[in-house]
Every structure is written in C-alpha cells, then in structure tokens.
Amino acid sequence: MFFVHPIARSPDHPISITPMSTTSTDRRIDKLIHLLVKNATVVVPGPKIASEIGVTRFQVWRWIENLRSLGVEIRGVPAEGYQLVTIPDILTPSLVRAELGECPIGRNIVHYFRTDSTNGVAIKLAADGAEHGTVVVAEEQTAGRGRLGRAWFSEKSSGIYTSIILRPPLAPAAAPVLTLMAGLAAQKAVSTVTGLAVDIRWPNDLLVNGKKVCGILTEMSAEVDRLHAVVLGIGINVNHSVMPRELENIATSLRMEAHRGISRIQVLVTLLRDLERYYQMLLNNGNKAITERWEAASTFAHGKRVRVVTAAGETLATTTGLDASGALKIQYDDGRPDSLVAGEVLEVK
Ligand code: BTN
C-alpha cells in the first residue's frame, strides 16, 4: 500500500513560464487576491494595489490577466482600477486560512498555481524539515501521481490537488491505518459538503454512484522503528464538467453527480478539519477507532465480491473485514484466507 520514497529526491520546482511561478510570487498574488476580496464591493485603484503589494502597476495587470485565465472574474474599470465580480474559488493560503481558522493541519499552507505533483513538493519540503500539518495545494498539476504508478488527471481549477505532511509519533506499522484515516476524513468532508452518498473502496478510493471521485496516494519516509514524515496526497474531482473519454466509465466529479457547482474551498477546509479530527482520534484511541469506523463507512468491508488485482494477475474473493493493522481480510473462492496490505480490489458486478 505504501511507497517508501527516497526522500532526498530532486525538488519539484514550480513552473517558470508564468509570473505566478515562484514561492515569493505566490505570496504577493495571495496578497493581491486578499486585497480584492477584502474590498469586494468597491473598485480598488491599480496604484493602491501596486503599492500595497510592492510591485509595478504593469505587474498587477499581468497577474490580473493570469487570474482571469483561471476563471477569477475581475472587472477592470478604465482609469480607476479593479473589482472582483464574485469571490473566487481558488485555494490560496489567505482565502483558505480565513475559512479554516485555528487548525493544526493547515497552519502552514504552500500554494501553487501549477506544479508537477504536490506530493513531490511535499516530500521535498518534509525532507527540508517542514512542520507537521503543512499543506501543499495546487490549482493544477502537470504530472499528478496516482497509486500503482498511474497518473492522476489534474485539470486546472477543477479539482483539489493537495498533499498534507504529518509527523505522527508512531511506528511505520501505523502507516496503513493512516491511509485509511485519510479516506475516512475525505469521505466525511465530501459527503458533508455535497450531501452525496460516498462509498470507500479499500484502501481509500472514494466512489459516488460506483465511480471514483477521490484518490489518495500515501508516501512516507521512515526508519525501522519511527516514521519521519507521512505525505497524504489527496486528489478530488470537484468541478469537472466532463471526464476524459478514457476515464468516463470509472471516474466522475462531484459536480457531475450533484448537478451543481461545488465550492472547492469549502471541500478543502472541511477536509483539513476532518483530517485533524480523525488524526487526533487515532493518536488518542488507537487503530481500532479508525478501523471500526472504516468498516462501518465502506460497503467493501464485509461480504463484497471482489477481483483482487496483483502483478501476478486477478483472483476472485469475498471481503471479510479489516484486521487490527488495517489490512483487508479476504477469502479466495477456493477457500483460502488472505490479508491484503497493498494492491487493488475491484467490485465484481
Ligand atoms: C490514486 O491513484 O487513487 C491516488 C491519486 C492521488 C492523487 C493526488 S493529487 C494530489 C497529490 N499529488 C499527486 O501527485 N498525487 C496526489
């Protein structure tokens, strides 16, 4: 289930083709957005924006153009300034923190308009000592990574692409339960915000009406007896209006299922709060608190006919619950019992 990453891999740099590409630029754009949101009912003069964030008026204009290309509606009033038409649904730190309030997960948010993979960024940040609860979030990924070496489709401004760095005081054996915990938190957040019925397929895919809306890639660095850092990489299909042809039979988005647009910021903030809640539950009450809740939340826990997919091929089995470590217990059709710690199970329809 886990890919133990060589944490000293090369850094995942933000792109350099747009003015929104570096960390420091992101901070000033964050300030620009914050300024427009704070003054949402008025036209904010260009020179005021430029002097408050410490850039030229030309730079402000270029960033406004970039934000428009991301779907942020900003009215330009000639010789006067700029005004937000609607509060943007982008995930910049000041907007997320304004909604999130005090929550240890999310105290430090690193935002990218575009990066290759937020997991790559988070792994590098963790190796450099980033604190527990650091959240990396991107509007777009150019090389989003999925489980089992797959790619993760990361359309601009449509999904949530986030990686959360945890530093649990736990042994590496706790890693499977941490990944189940992430699935539970994501399920709770998505169902709370959308009202949709959300299933969890082991270990932590979220399904709505049988199709995948969320995937989680857990990567970690550890010694034999101690976890250094766990990166929970979570991708949620939120406002995609269509899925690419090769995914349309197996994946969907919250918008497509709920038949309305969904606030990404609301989903992200709720997710971070729920992650914090389940994380504390795990630390205070142990694995059982998570495995029992997971079994109650997933139709895959007991009595589900599945195809178990491994490198060796596919075998039919029936699920028989989780063991204390978070492994999925199954019974193959020939009667043999087994416990899965990695791989994929698919429902037999
Ligand atoms: C899966 O295959 O189901 C796991 C998908 C995980 C995708 C997320 S998107 C944010 C984070 N960054 C990545 O490159 N992958 C994860």
# chains A, B, ... in the order shown; residues from 1 in each chain; ligands from 1

call {"tool": "closest_atom_pairs", "arguments": {"of": "chain A", "to": "ligand 1", "cutoff": "7 Å", "atoms": "only C-alpha atoms and all ligand atoms", "output": "Markdown table"}}
result
| residue | atom | partner | partner_atom_place_in_ligand_line | distance |
| --- | --- | --- | --- | --- |
| A:Ser117 | CA | ligand 1 | 14 (O) | 3.9 |
| A:Thr118 | CA | ligand 1 | 12 (N) | 4.3 |
| A:Asn119 | CA | ligand 1 | 12 (N) | 4.2 |
| A:Gly120 | CA | ligand 1 | 14 (O) | 6.6 |
| A:Ala143 | CA | ligand 1 | 14 (O) | 6.5 |
| A:Gly144 | CA | ligand 1 | 14 (O) | 3.6 |
| A:Arg145 | CA | ligand 1 | 14 (O) | 3.6 |
| A:Gly146 | CA | ligand 1 | 2 (O) | 3.2 |
| A:Arg147 | CA | ligand 1 | 2 (O) | 3.7 |
| A:Leu148 | CA | ligand 1 | 2 (O) | 6.8 |
| A:Arg150 | CA | ligand 1 | 2 (O) | 6.3 |
| A:Trp152 | CA | ligand 1 | 7 (C) | 5.4 |
| A:Tyr161 | CA | ligand 1 | 10 (C) | 3.9 |
| A:Thr162 | CA | ligand 1 | 10 (C) | 4.4 |
| A:Ser163 | CA | ligand 1 | 11 (C) | 5.4 |
| A:Asp205 | CA | ligand 1 | 3 (O) | 5.9 |
| A:Cys214 | CA | ligand 1 | 3 (O) | 6.7 |
| A:Gly215 | CA | ligand 1 | 3 (O) | 3.3 |
| A:Ile216 | CA | ligand 1 | 4 (C) | 4.1 |
| A:Leu217 | CA | ligand 1 | 4 (C) | 4.3 |
| A:Gly233 | CA | ligand 1 | 11 (C) | 3.7 |
| A:Ile234 | CA | ligand 1 | 8 (C) | 4.2 |
| A:Gly235 | CA | ligand 1 | 9 (S) | 3.6 |

call {"tool": "select_by_dssp", "arguments": {"residues": "region 146-301 of chain A", "states": "alpha helix (DSSP H)", "output": "number ranges by chain"}}
result
A: 175-194, 254-258, 264-285, 287-297

call {"tool": "atom_distance", "arguments": {"atom1": "CA of Ala289 (chain A)", "atom2": "CA of Glu344 (chain A)"}}
result
23.7 Å

call {"tool": "closest_residue", "arguments": {"among": "A:Val198, A:Leu268, A:Leu227, A:Leu35", "to": "Val96 (chain A)", "atoms": "only C-alpha atoms"}}
result
A:Leu268

call {"tool": "atom_distance", "arguments": {"atom1": "CA of Gly133 (chain A)", "atom2": "CA of Met220 (chain A)"}}
result
14.3 Å

call {"tool": "residues_around", "arguments": {"residues": "Glu80 (chain A)", "least_positions_apart": "2", "cutoff": "8 Å", "atoms": "only C-alpha atoms", "output": "list in words"}}
result
Val43, Val44, Pro45, Gly46, Gly76, Val77, Pro78 and Tyr82 of chain A

call {"tool": "write_last_selection", "arguments": {"atoms": "N, CA, C and O atoms", "output": "mmCIF file, in the first residue's frame"}}
result
data_model
loop_
_atom_site.group_PDB
_atom_site.id
_atom_site.type_symbol
_atom_site.label_atom_id
_atom_site.label_comp_id
_atom_site.auth_asym_id
_atom_site.auth_seq_id
_atom_site.Cartn_x
_atom_site.Cartn_y
_atom_site.Cartn_z
ATOM 1 N N VAL A 43 -14.264 49.416 -6.345
ATOM 2 C CA VAL A 43 -13.187 49.341 -7.333
ATOM 3 C C VAL A 43 -11.892 49.749 -6.622
ATOM 4 O O VAL A 43 -11.813 50.830 -6.037
ATOM 5 N N VAL A 44 -10.910 48.865 -6.652
ATOM 6 C CA VAL A 44 -9.649 49.176 -5.963
ATOM 7 C C VAL A 44 -8.679 49.758 -6.990
ATOM 8 O O VAL A 44 -8.396 49.118 -8.009
ATOM 9 N N PRO A 45 -8.176 50.970 -6.749
ATOM 10 C CA PRO A 45 -7.279 51.580 -7.739
ATOM 11 C C PRO A 45 -6.007 50.758 -7.956
ATOM 12 O O PRO A 45 -5.419 50.268 -6.988
ATOM 13 N N GLY A 46 -5.602 50.638 -9.238
ATOM 14 C CA GLY A 46 -4.389 49.894 -9.580
ATOM 15 C C GLY A 46 -3.167 50.353 -8.776
ATOM 16 O O GLY A 46 -2.435 49.516 -8.238
ATOM 17 N N GLY A 76 -12.408 45.280 -14.832
ATOM 18 C CA GLY A 76 -11.434 46.364 -14.939
ATOM 19 C C GLY A 76 -12.174 47.639 -15.305
ATOM 20 O O GLY A 76 -12.923 47.659 -16.272
ATOM 21 N N VAL A 77 -11.988 48.695 -14.501
ATOM 22 C CA VAL A 77 -12.649 49.966 -14.810
ATOM 23 C C VAL A 77 -11.556 50.923 -15.288
ATOM 24 O O VAL A 77 -10.674 51.293 -14.502
ATOM 25 N N PRO A 78 -11.603 51.299 -16.598
ATOM 26 C CA PRO A 78 -10.512 52.118 -17.140
ATOM 27 C C PRO A 78 -10.255 53.365 -16.289
ATOM 28 O O PRO A 78 -11.187 54.026 -15.850
ATOM 29 N N TYR A 82 -9.652 47.905 -10.295
ATOM 30 C CA TYR A 82 -10.181 46.544 -10.454
ATOM 31 C C TYR A 82 -11.175 46.215 -9.355
ATOM 32 O O TYR A 82 -11.041 46.667 -8.225
#

call {"tool": "closest_residue", "arguments": {"among": "A:Gly81, A:Pro169, A:Pro88, A:Gly313", "to": "Val345 (chain A)", "atoms": "only C-alpha atoms"}}
result
A:Gly313

call {"tool": "closest_residue", "arguments": {"among": "A:Val42, A:Trp63, A:Ile265, A:Thr115", "to": "Thr92 (chain A)", "atoms": "only C-alpha atoms"}}
result
A:Ile265

call {"tool": "closest_residue", "arguments": {"among": "A:Glu155, A:Asp89, A:Asp338, A:Glu219", "to": "Met243 (chain A)", "atoms": "only C-alpha atoms"}}
result
A:Glu155

call {"tool": "atom_distance", "arguments": {"atom1": "CA of Tyr112 (chain A)", "atom2": "CA of Ser221 (chain A)"}}
result
23.4 Å

call {"tool": "closest_atom_pairs", "arguments": {"of": "region 191-297 of chain A", "to": "region 134-141 of chain A", "cutoff": "12 Å", "atoms": "only C-alpha atoms", "output": "Markdown table"}}
result
| residue | atom | partner | partner_atom | distance |
| --- | --- | --- | --- | --- |
| A:Ala229 | CA | A:Thr134 | CA | 11.0 |
| A:Val230 | CA | A:Thr134 | CA | 11.0 |
| A:Val231 | CA | A:Val135 | CA | 9.5 |
| A:Leu232 | CA | A:Val135 | CA | 9.5 |
| A:Gly233 | CA | A:Val136 | CA | 9.1 |
| A:Ile234 | CA | A:Val137 | CA | 9.7 |
| A:Gly235 | CA | A:Val137 | CA | 10.1 |
| A:Ile236 | CA | A:Glu139 | CA | 11.8 |
| A:Asn237 | CA | A:Glu140 | CA | 11.9 |
| A:Val238 | CA | A:Glu139 | CA | 11.8 |
| A:Arg264 | CA | A:Glu139 | CA | 10.3 |
| A:Ile265 | CA | A:Val137 | CA | 11.2 |
| A:Leu268 | CA | A:Val137 | CA | 9.6 |
| A:Val269 | CA | A:Val135 | CA | 11.2 |
| A:Leu271 | CA | A:Val135 | CA | 11.5 |
| A:Leu272 | CA | A:Val135 | CA | 9.0 |
| A:Leu275 | CA | A:Val135 | CA | 11.7 |

call {"tool": "residues_around", "arguments": {"residues": "Lys31 (chain A)", "least_positions_apart": "4", "cutoff": "12 Å", "atoms": "only C-alpha atoms", "output": "number ranges by chain"}}
result
A: 24-27, 35-38, 49-55, 60, 63, 92-95

call {"tool": "decode", "arguments": {"residues": "region 86-99 of chain A", "atoms": "all heavy atoms", "output": "PDB file, in the first residue's frame"}}
result
ATOM      1  N   THR A  86     -17.072  38.118  -8.456  1.00  0.00           N
ATOM      2  CA  THR A  86     -17.509  37.097  -7.476  1.00  0.00           C
ATOM      3  C   THR A  86     -16.293  36.686  -6.650  1.00  0.00           C
ATOM      4  O   THR A  86     -15.162  36.798  -7.108  1.00  0.00           O
ATOM      5  CB  THR A  86     -18.049  35.829  -8.180  1.00  0.00           C
ATOM      6  OG1 THR A  86     -17.081  35.410  -9.140  1.00  0.00           O
ATOM      7  CG2 THR A  86     -19.374  36.060  -8.848  1.00  0.00           C
ATOM      8  N   ILE A  87     -16.552  36.197  -5.449  1.00  0.00           N
ATOM      9  CA  ILE A  87     -15.435  35.721  -4.615  1.00  0.00           C
ATOM     10  C   ILE A  87     -14.860  34.479  -5.300  1.00  0.00           C
ATOM     11  O   ILE A  87     -15.594  33.541  -5.602  1.00  0.00           O
ATOM     12  CB  ILE A  87     -15.924  35.367  -3.187  1.00  0.00           C
ATOM     13  CG1 ILE A  87     -16.591  36.577  -2.537  1.00  0.00           C
ATOM     14  CG2 ILE A  87     -14.780  34.830  -2.333  1.00  0.00           C
ATOM     15  CD1 ILE A  87     -15.692  37.750  -2.252  1.00  0.00           C
ATOM     16  N   PRO A  88     -13.569  34.480  -5.586  1.00  0.00           N
ATOM     17  CA  PRO A  88     -13.016  33.376  -6.377  1.00  0.00           C
ATOM     18  C   PRO A  88     -12.917  32.082  -5.587  1.00  0.00           C
ATOM     19  O   PRO A  88     -12.658  32.100  -4.387  1.00  0.00           O
ATOM     20  CB  PRO A  88     -11.608  33.864  -6.728  1.00  0.00           C
ATOM     21  CG  PRO A  88     -11.261  34.842  -5.660  1.00  0.00           C
ATOM     22  CD  PRO A  88     -12.550  35.459  -5.186  1.00  0.00           C
ATOM     23  N   ASP A  89     -13.112  30.973  -6.292  1.00  0.00           N
ATOM     24  CA  ASP A  89     -12.973  29.668  -5.652  1.00  0.00           C
ATOM     25  C   ASP A  89     -11.568  29.153  -5.934  1.00  0.00           C
ATOM     26  O   ASP A  89     -11.389  28.132  -6.601  1.00  0.00           O
ATOM     27  CB  ASP A  89     -14.039  28.704  -6.173  1.00  0.00           C
ATOM     28  CG  ASP A  89     -14.074  27.412  -5.365  1.00  0.00           C
ATOM     29  OD1 ASP A  89     -13.745  27.465  -4.162  1.00  0.00           O
ATOM     30  OD2 ASP A  89     -14.400  26.363  -5.937  1.00  0.00           O
ATOM     31  N   ILE A  90     -10.585  29.900  -5.471  1.00  0.00           N
ATOM     32  CA  ILE A  90      -9.214  29.400  -5.590  1.00  0.00           C
ATOM     33  C   ILE A  90      -8.667  29.197  -4.186  1.00  0.00           C
ATOM     34  O   ILE A  90      -9.220  29.709  -3.209  1.00  0.00           O
ATOM     35  CB  ILE A  90      -8.314  30.316  -6.448  1.00  0.00           C
ATOM     36  CG1 ILE A  90      -8.375  31.745  -5.959  1.00  0.00           C
ATOM     37  CG2 ILE A  90      -8.677  30.235  -7.893  1.00  0.00           C
ATOM     38  CD1 ILE A  90      -7.448  32.641  -6.742  1.00  0.00           C
ATOM     39  N   LEU A  91      -7.599  28.425  -4.129  1.00  0.00           N
ATOM     40  CA  LEU A  91      -7.216  27.849  -2.831  1.00  0.00           C
ATOM     41  C   LEU A  91      -5.959  28.501  -2.274  1.00  0.00           C
ATOM     42  O   LEU A  91      -5.085  27.825  -1.719  1.00  0.00           O
ATOM     43  CB  LEU A  91      -7.043  26.335  -2.997  1.00  0.00           C
ATOM     44  CG  LEU A  91      -8.262  25.629  -3.614  1.00  0.00           C
ATOM     45  CD1 LEU A  91      -7.973  24.160  -3.893  1.00  0.00           C
ATOM     46  CD2 LEU A  91      -9.494  25.756  -2.716  1.00  0.00           C
ATOM     47  N   THR A  92      -5.848  29.819  -2.446  1.00  0.00           N
ATOM     48  CA  THR A  92      -4.649  30.498  -1.953  1.00  0.00           C
ATOM     49  C   THR A  92      -4.665  30.558  -0.420  1.00  0.00           C
ATOM     50  O   THR A  92      -5.738  30.554   0.204  1.00  0.00           O
ATOM     51  CB  THR A  92      -4.548  31.914  -2.548  1.00  0.00           C
ATOM     52  OG1 THR A  92      -5.782  32.574  -2.347  1.00  0.00           O
ATOM     53  CG2 THR A  92      -4.241  31.863  -4.023  1.00  0.00           C
ATOM     54  N   PRO A  93      -3.477  30.624   0.197  1.00  0.00           N
ATOM     55  CA  PRO A  93      -3.396  30.491   1.658  1.00  0.00           C
ATOM     56  C   PRO A  93      -4.298  31.455   2.428  1.00  0.00           C
ATOM     57  O   PRO A  93      -4.990  31.035   3.369  1.00  0.00           O
ATOM     58  CB  PRO A  93      -1.917  30.769   1.946  1.00  0.00           C
ATOM     59  CG  PRO A  93      -1.220  30.321   0.707  1.00  0.00           C
ATOM     60  CD  PRO A  93      -2.150  30.637  -0.425  1.00  0.00           C
ATOM     61  N   SER A  94      -4.339  32.724   2.028  1.00  0.00           N
ATOM     62  CA  SER A  94      -5.124  33.656   2.864  1.00  0.00           C
ATOM     63  C   SER A  94      -6.617  33.344   2.782  1.00  0.00           C
ATOM     64  O   SER A  94      -7.332  33.470   3.777  1.00  0.00           O
ATOM     65  CB  SER A  94      -4.841  35.111   2.479  1.00  0.00           C
ATOM     66  OG  SER A  94      -5.257  35.319   1.162  1.00  0.00           O
ATOM     67  N   LEU A  95      -7.084  32.914   1.613  1.00  0.00           N
ATOM     68  CA  LEU A  95      -8.513  32.578   1.500  1.00  0.00           C
ATOM     69  C   LEU A  95      -8.843  31.311   2.272  1.00  0.00           C
ATOM     70  O   LEU A  95      -9.867  31.225   2.949  1.00  0.00           O
ATOM     71  CB  LEU A  95      -8.912  32.405   0.024  1.00  0.00           C
ATOM     72  CG  LEU A  95      -8.803  33.652  -0.866  1.00  0.00           C
ATOM     73  CD1 LEU A  95      -9.281  33.337  -2.273  1.00  0.00           C
ATOM     74  CD2 LEU A  95      -9.582  34.817  -0.296  1.00  0.00           C
ATOM     75  N   VAL A  96      -7.950  30.317   2.202  1.00  0.00           N
ATOM     76  CA  VAL A  96      -8.212  29.052   2.927  1.00  0.00           C
ATOM     77  C   VAL A  96      -8.152  29.308   4.428  1.00  0.00           C
ATOM     78  O   VAL A  96      -9.034  28.886   5.183  1.00  0.00           O
ATOM     79  CB  VAL A  96      -7.202  27.952   2.510  1.00  0.00           C
ATOM     80  CG1 VAL A  96      -7.382  26.703   3.364  1.00  0.00           C
ATOM     81  CG2 VAL A  96      -7.370  27.610   1.036  1.00  0.00           C
ATOM     82  N   ARG A  97      -7.115  30.043   4.848  1.00  0.00           N
ATOM     83  CA  ARG A  97      -6.963  30.245   6.302  1.00  0.00           C
ATOM     84  C   ARG A  97      -8.099  31.073   6.884  1.00  0.00           C
ATOM     85  O   ARG A  97      -8.522  30.869   8.021  1.00  0.00           O
ATOM     86  CB  ARG A  97      -5.607  30.856   6.630  1.00  0.00           C
ATOM     87  CG  ARG A  97      -4.593  29.771   7.025  1.00  0.00           C
ATOM     88  CD  ARG A  97      -3.420  30.369   7.750  1.00  0.00           C
ATOM     89  NE  ARG A  97      -2.750  31.318   6.903  1.00  0.00           N
ATOM     90  CZ  ARG A  97      -1.769  31.017   6.074  1.00  0.00           C
ATOM     91  NH1 ARG A  97      -1.316  29.788   6.021  1.00  0.00           N
ATOM     92  NH2 ARG A  97      -1.222  31.937   5.319  1.00  0.00           N
ATOM     93  N   ALA A  98      -8.617  32.015   6.089  1.00  0.00           N
ATOM     94  CA  ALA A  98      -9.735  32.837   6.583  1.00  0.00           C
ATOM     95  C   ALA A  98     -10.936  31.953   6.920  1.00  0.00           C
ATOM     96  O   ALA A  98     -11.672  32.214   7.867  1.00  0.00           O
ATOM     97  CB  ALA A  98     -10.121  33.873   5.532  1.00  0.00           C
ATOM     98  N   GLU A  99     -11.122  30.875   6.159  1.00  0.00           N
ATOM     99  CA  GLU A  99     -12.248  29.953   6.418  1.00  0.00           C
ATOM    100  C   GLU A  99     -11.887  28.911   7.472  1.00  0.00           C
ATOM    101  O   GLU A  99     -12.729  28.476   8.237  1.00  0.00           O
ATOM    102  CB  GLU A  99     -12.607  29.191   5.132  1.00  0.00           C
ATOM    103  CG  GLU A  99     -13.194  30.026   4.026  1.00  0.00           C
ATOM    104  CD  GLU A  99     -14.620  30.444   4.315  1.00  0.00           C
ATOM    105  OE1 GLU A  99     -15.396  29.598   4.795  1.00  0.00           O
ATOM    106  OE2 GLU A  99     -14.942  31.612   4.076  1.00  0.00           O
TER     107      GLU A  99
END
